[in-house]
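*Asks:* Here it is, the structure, as structure tokens.
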Amino acid sequence: MPETYEPIATTQVSLSTISQVTFGSIPQTYTDLRIIGVSGQQTAGSISVRLNSNATSLYSNTRLEGDGTSATSAQSSGQGQWRIFLNSTGNTISVFSDINIFDYTNTSTFTTAFYNEYKNSKLVASVCLFRNTSAITNVTLDAESDYFVPGSRFTLYGIKAA
Amino acid sequence: MAITKIRTTSSFTNLTKYDSFLAGNTAYNPPAFESIATATGTGASTTITFSSIPSTYTSLQIRISGRSDAAVDTTYIQVQYNATAMTKGHYLRGNGSSASAGTANVPFYIPGSNVTSTIMGVGIIDIHDYASTTRNKTGRSLGGWNGNNAYTTNERLQSGSFFLNNTSAITSLSVVLGNGNWTTSTQVALYGIKGA
């Protein structure tokens with residue numbers, strides 16, 4: 001029987017040519033998932049998150065951003081991914097990301113998540129939708145520009161309700 | 001009643017003697033993050049309540065995936081401690097078009113029945129030091145929902161803080177809808193987090 005809050009897997013990028021991290025065969029025994037990442041990309045760019053390797057236009061989000069000067073809000077719809085984990089610059093690991101995926105085994109509802117992201121120039125919070133009712137069995141993170149900085153680390157946790 | 005004596009010459013053989021009641025097993029360390037209870041919406045109530053909350057944790061966390069059956073695009077939720085609504089609250093909100101701030105005991109918004117039934121609102125509410133009898137109670141929240149921009153600025157993300165000017169330990173927690181009843185697809189889970 002799983003613990004209430006349990007690490008499922010951790011991936012630390014060890015090579016300079018890794019552009020994708022995948023958490024596959026996710027156990028269906030939890031209620032929610034959480035991914036914590038500390039990462040960077042070698043070239044400026046975003047990181048995409050996809051569920052079940054689905055790259056169709058089923059992703060959307062509403063986000064809130066603060067850059068130390070002003071607060072703004074924006075929305076993306078009909079996307080092929082959640083474009084989150086906004087990139088660090090200068091080939092350094094400097095982005096802390098926290099994504100919560102709720103009720104991921106439910107096959108009657110779409111998947112909703114939210115994330116927080118922190119780096120030295122911006123704070124971003126976003127609520128995200130994946131318009132598909134399949135249970136989530138894998139999560140893929142892609143460095144869109146080129147590669148992750150070696151040492152980038154992502155941990156997947158499972159959270160189980162009573 | 002029979003009395004049985006175990007002797008070295010008895011039929012019990014290959015006995016292992018332990019000096020600890022663990023008998024060679026690993027000690028169980030209870031986890032710091034524990035599930036206390038889970039509630040499902042009934043379709044007939046605006047309120048979901050967790051009562052008789054143990055005082056043995058340091059912090060509480062509520063995780064929500066839910067909807068209202070009110071005939072609206074979106075409605076808010078509120079938090080009550082010990083059946084008392086929060087007296088103060090602040091929020092920062094984004095609706096996809098603009099960011100705004102205000103004062104209200106509104107942790108976040110969830111969809112109503114005008115929204116496709118497969119879309120859920122989600123959120124997390126944290127309350128620290130809930131069992132203290134010397135400190136007023138403060139909580140924080142983050143949550144909202146997205147509908148692929150089909151509901152425009154009613155889709156929103158909100159971060160909130162809320163305060164109750166009362167030092168009583170929290171023994172019950174309620175999440176209350178602004179409009180309508182929690183649907184039967186709603187799941188609300190209460191977790192306890194222990195300190196060192």
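Chain labels follow the order of the structure tokens: the first chain is A, the next B, and so on; residue numbering restarts at 1 in every chain, and ligands are counted from 1 in their shown order.
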DSSP on the backbone: which residues in chain A end up as strand (DSSP E or B)? Give the answer as a ChimeraX atom specification.
*Replies:* /A:5-12,20-23,32-39,41,47-51,59-66,71-79,82-84,95-101,111-119,122-130,139-143,148,153-159
*Asks:* Taking only C-alpha atoms into account, what are the residues of chain B at most 10 Å from chain A, put as a compact mmCIF listing (two decimals) with N, CA, C and O atoms, in the first residue's frame?
*Replies:*
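File produced: out-v1.txt:
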```
# COMPACT_ATOMS: atom_id res chain seq x y z
N PRO B 30 6.05 6.51 11.30
CA PRO B 30 4.88 7.04 10.59
C PRO B 30 5.29 8.23 9.73
O PRO B 30 6.15 9.01 10.11
N PRO B 31 4.69 8.36 8.57
CA PRO B 31 5.06 9.43 7.66
C PRO B 31 4.68 10.79 8.22
O PRO B 31 3.77 10.92 9.03
N ALA B 32 5.40 11.83 7.76
CA ALA B 32 5.11 13.17 8.21
C ALA B 32 3.87 13.75 7.52
O ALA B 32 3.26 14.67 8.03
N PHE B 33 3.54 13.25 6.35
CA PHE B 33 2.41 13.74 5.56
C PHE B 33 1.40 12.61 5.51
O PHE B 33 1.64 11.59 4.87
N GLU B 34 0.27 12.80 6.17
CA GLU B 34 -0.71 11.73 6.29
C GLU B 34 -2.07 12.17 5.81
O GLU B 34 -2.49 13.32 6.02
N SER B 35 -2.77 11.26 5.18
CA SER B 35 -4.14 11.51 4.77
C SER B 35 -5.05 11.33 6.00
O SER B 35 -5.01 10.29 6.65
N ILE B 36 -5.84 12.35 6.31
CA ILE B 36 -6.74 12.27 7.46
C ILE B 36 -8.13 11.78 7.02
O ILE B 36 -8.69 10.87 7.61
N ALA B 37 -8.67 12.41 5.98
CA ALA B 37 -10.02 12.03 5.53
C ALA B 37 -10.24 12.56 4.13
O ALA B 37 -9.59 13.50 3.68
N THR B 38 -11.18 11.94 3.43
CA THR B 38 -11.58 12.38 2.10
C THR B 38 -13.10 12.48 2.06
O THR B 38 -13.79 11.64 2.64
N ALA B 39 -13.60 13.54 1.41
CA ALA B 39 -15.05 13.72 1.30
C ALA B 39 -15.44 13.88 -0.16
O ALA B 39 -14.67 14.43 -0.96
N ARG B 63 -6.80 19.52 -0.35
CA ARG B 63 -6.64 19.45 -1.80
C ARG B 63 -8.01 19.19 -2.40
O ARG B 63 -8.70 18.25 -2.00
N ILE B 64 -8.38 20.04 -3.36
CA ILE B 64 -9.75 20.00 -3.90
C ILE B 64 -9.71 19.79 -5.41
O ILE B 64 -8.92 20.41 -6.11
N SER B 65 -10.60 18.92 -5.88
CA SER B 65 -10.95 18.83 -7.30
C SER B 65 -12.48 18.87 -7.32
O SER B 65 -13.12 17.92 -6.87
N LEU B 92 -4.75 37.59 -5.03
CA LEU B 92 -4.15 38.03 -6.28
C LEU B 92 -4.73 37.13 -7.35
O LEU B 92 -4.65 35.91 -7.23
N ARG B 93 -5.31 37.71 -8.39
CA ARG B 93 -6.08 36.94 -9.37
C ARG B 93 -5.62 37.23 -10.79
O ARG B 93 -5.31 38.37 -11.13
N GLY B 94 -5.61 36.18 -11.59
CA GLY B 94 -5.38 36.34 -13.02
C GLY B 94 -6.49 35.67 -13.78
O GLY B 94 -6.83 34.51 -13.49
N ASN B 95 -7.06 36.36 -14.76
CA ASN B 95 -8.18 35.80 -15.52
C ASN B 95 -7.86 35.61 -16.99
O ASN B 95 -8.75 35.51 -17.82
N GLY B 96 -6.59 35.61 -17.28
CA GLY B 96 -6.16 35.43 -18.66
C GLY B 96 -6.07 36.73 -19.44
O GLY B 96 -5.50 36.76 -20.53
N SER B 97 -6.66 37.78 -18.87
CA SER B 97 -6.63 39.08 -19.52
C SER B 97 -5.90 40.11 -18.68
O SER B 97 -5.10 40.91 -19.18
N SER B 98 -6.17 40.07 -17.36
CA SER B 98 -5.55 41.04 -16.48
C SER B 98 -5.34 40.43 -15.10
O SER B 98 -5.99 39.46 -14.73
N ALA B 99 -4.41 41.04 -14.37
CA ALA B 99 -4.14 40.65 -12.99
C ALA B 99 -4.81 41.67 -12.08
O ALA B 99 -4.79 42.88 -12.36
N SER B 100 -5.39 41.19 -10.99
CA SER B 100 -6.05 42.09 -10.06
C SER B 100 -5.84 41.60 -8.65
O SER B 100 -5.43 40.45 -8.43
N ALA B 101 -6.12 42.48 -7.71
CA ALA B 101 -5.97 42.14 -6.29
C ALA B 101 -7.14 42.69 -5.52
O ALA B 101 -7.78 43.67 -5.93
N THR B 116 -18.66 22.76 -19.26
CA THR B 116 -18.61 21.33 -19.59
C THR B 116 -18.28 20.51 -18.36
O THR B 116 -17.33 20.82 -17.63
N SER B 117 -19.04 19.45 -18.13
CA SER B 117 -18.94 18.69 -16.88
C SER B 117 -17.61 17.99 -16.69
O SER B 117 -17.30 17.53 -15.58
N THR B 118 -16.81 17.89 -17.75
CA THR B 118 -15.52 17.22 -17.62
C THR B 118 -14.42 18.16 -17.13
O THR B 118 -13.28 17.72 -16.92
N ILE B 119 -14.73 19.43 -16.92
CA ILE B 119 -13.74 20.40 -16.45
C ILE B 119 -13.91 20.62 -14.96
O ILE B 119 -15.00 20.95 -14.49
N MET B 120 -12.82 20.45 -14.22
CA MET B 120 -12.85 20.58 -12.77
C MET B 120 -12.03 21.79 -12.32
O MET B 120 -11.05 22.15 -12.96
N GLY B 121 -12.43 22.37 -11.22
CA GLY B 121 -11.60 23.36 -10.55
C GLY B 121 -10.72 22.64 -9.54
O GLY B 121 -11.13 21.64 -8.94
N VAL B 122 -9.51 23.13 -9.36
CA VAL B 122 -8.58 22.48 -8.43
C VAL B 122 -7.94 23.53 -7.54
O VAL B 122 -7.83 24.70 -7.91
N GLY B 123 -7.48 23.08 -6.37
CA GLY B 123 -6.79 24.02 -5.49
C GLY B 123 -6.24 23.36 -4.26
O GLY B 123 -6.60 22.23 -3.92
N ILE B 124 -5.35 24.07 -3.63
CA ILE B 124 -4.72 23.63 -2.39
C ILE B 124 -4.84 24.74 -1.36
O ILE B 124 -4.62 25.92 -1.68
N LEU B 142 -4.04 28.41 -3.32
CA LEU B 142 -3.76 28.59 -4.74
C LEU B 142 -4.68 27.65 -5.48
O LEU B 142 -4.74 26.46 -5.16
N GLY B 143 -5.40 28.18 -6.46
CA GLY B 143 -6.28 27.30 -7.22
C GLY B 143 -7.01 28.03 -8.31
O GLY B 143 -6.84 29.24 -8.50
N GLY B 144 -7.84 27.28 -9.03
CA GLY B 144 -8.62 27.87 -10.10
C GLY B 144 -8.99 26.84 -11.14
O GLY B 144 -8.99 25.63 -10.86
N TRP B 145 -9.32 27.32 -12.33
CA TRP B 145 -9.69 26.40 -13.40
C TRP B 145 -9.45 27.05 -14.75
O TRP B 145 -9.33 28.27 -14.86
N ASN B 146 -9.36 26.17 -15.75
CA ASN B 146 -9.15 26.63 -17.12
C ASN B 146 -10.10 25.87 -18.03
O ASN B 146 -10.32 24.68 -17.84
N GLY B 147 -10.66 26.57 -19.01
CA GLY B 147 -11.62 25.95 -19.93
C GLY B 147 -11.27 26.15 -21.39
O GLY B 147 -12.16 26.27 -22.23
N ASN B 148 -9.94 26.24 -21.67
CA ASN B 148 -9.48 26.43 -23.04
C ASN B 148 -10.00 27.74 -23.63
O ASN B 148 -10.23 27.85 -24.83
N ASN B 149 -10.18 28.73 -22.76
CA ASN B 149 -10.63 30.07 -23.15
C ASN B 149 -12.06 30.08 -23.70
O ASN B 149 -12.49 31.09 -24.27
N ALA B 150 -12.82 29.03 -23.48
CA ALA B 150 -14.21 29.02 -23.93
C ALA B 150 -15.09 29.88 -23.02
O ALA B 150 -16.19 30.29 -23.43
N THR B 152 -13.71 32.56 -21.32
CA THR B 152 -12.92 33.79 -21.27
C THR B 152 -12.49 34.15 -19.86
O THR B 152 -11.83 33.36 -19.19
N THR B 153 -12.86 35.33 -19.39
CA THR B 153 -12.30 35.81 -18.13
C THR B 153 -12.93 35.18 -16.90
O THR B 153 -12.54 35.50 -15.77
N GLU B 155 -12.54 32.06 -16.46
CA GLU B 155 -11.50 31.10 -16.13
C GLU B 155 -10.42 31.88 -15.38
O GLU B 155 -9.91 32.87 -15.90
N ARG B 156 -10.08 31.42 -14.20
CA ARG B 156 -9.18 32.25 -13.41
C ARG B 156 -8.33 31.41 -12.46
O ARG B 156 -8.73 30.35 -12.01
N LEU B 157 -7.17 31.97 -12.17
CA LEU B 157 -6.24 31.43 -11.19
C LEU B 157 -6.14 32.45 -10.07
O LEU B 157 -6.04 33.65 -10.34
N GLN B 158 -6.15 31.98 -8.84
CA GLN B 158 -6.14 32.91 -7.72
C GLN B 158 -5.26 32.39 -6.59
O GLN B 158 -5.30 31.20 -6.26
N SER B 159 -4.50 33.29 -6.02
CA SER B 159 -3.70 32.99 -4.84
C SER B 159 -4.27 33.83 -3.70
O SER B 159 -4.53 35.02 -3.89
N SER B 185 -19.09 14.71 -8.39
CA SER B 185 -17.75 14.48 -8.95
C SER B 185 -16.66 15.18 -8.14
O SER B 185 -15.47 15.03 -8.42
N GLN B 187 -14.12 15.92 -5.17
CA GLN B 187 -13.34 15.21 -4.16
C GLN B 187 -12.56 16.25 -3.35
O GLN B 187 -11.86 17.08 -3.92
N VAL B 188 -12.68 16.17 -2.05
CA VAL B 188 -11.93 17.07 -1.16
C VAL B 188 -11.17 16.19 -0.16
O VAL B 188 -11.77 15.35 0.51
N ALA B 189 -9.87 16.37 -0.09
CA ALA B 189 -9.04 15.53 0.78
C ALA B 189 -8.33 16.40 1.81
O ALA B 189 -7.81 17.47 1.48
N LEU B 190 -8.32 15.94 3.06
CA LEU B 190 -7.65 16.63 4.15
C LEU B 190 -6.41 15.83 4.55
O LEU B 190 -6.50 14.62 4.78
N TYR B 191 -5.27 16.53 4.63
CA TYR B 191 -4.02 15.91 5.02
C TYR B 191 -3.45 16.61 6.25
O TYR B 191 -3.66 17.81 6.46
```
*Asks:* So what do you get for atom CA of B:Leu177 versus atom CA of B:Thr58, distance-wise?
*Replies:* 26.6 Å
*Asks:* At a cut-off of 9 Å, using only C-alpha atoms, what residues contact B:Asp126? Leave out same-chain residues fewer than 4 positions from it and give the result as a PyMOL selection string.
*Replies:* chain B and resi 59-63+138-141
*Asks:* Which residues, written as JSON, numbers by chain, have at least one atom at most 12 Å from A:Ile35, with only C-alpha atoms counted and residues fewer than 6 positions away on the same chain left out?
*Replies:* {"A": [6, 7, 8, 9, 10, 11, 21, 22, 23, 49, 85, 96, 97, 98, 99, 100, 101, 102, 113, 114, 115, 116, 117, 139, 140, 141, 153, 154, 155, 156, 157, 158, 159]}
*Asks:* Distance atom CA of A:Phe148-atom CA of A:Val13, one decimal place?
*Replies:*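 One can read the atom CA of A:Phe148 to atom CA of A:Val13 distance as 7.1 Å.
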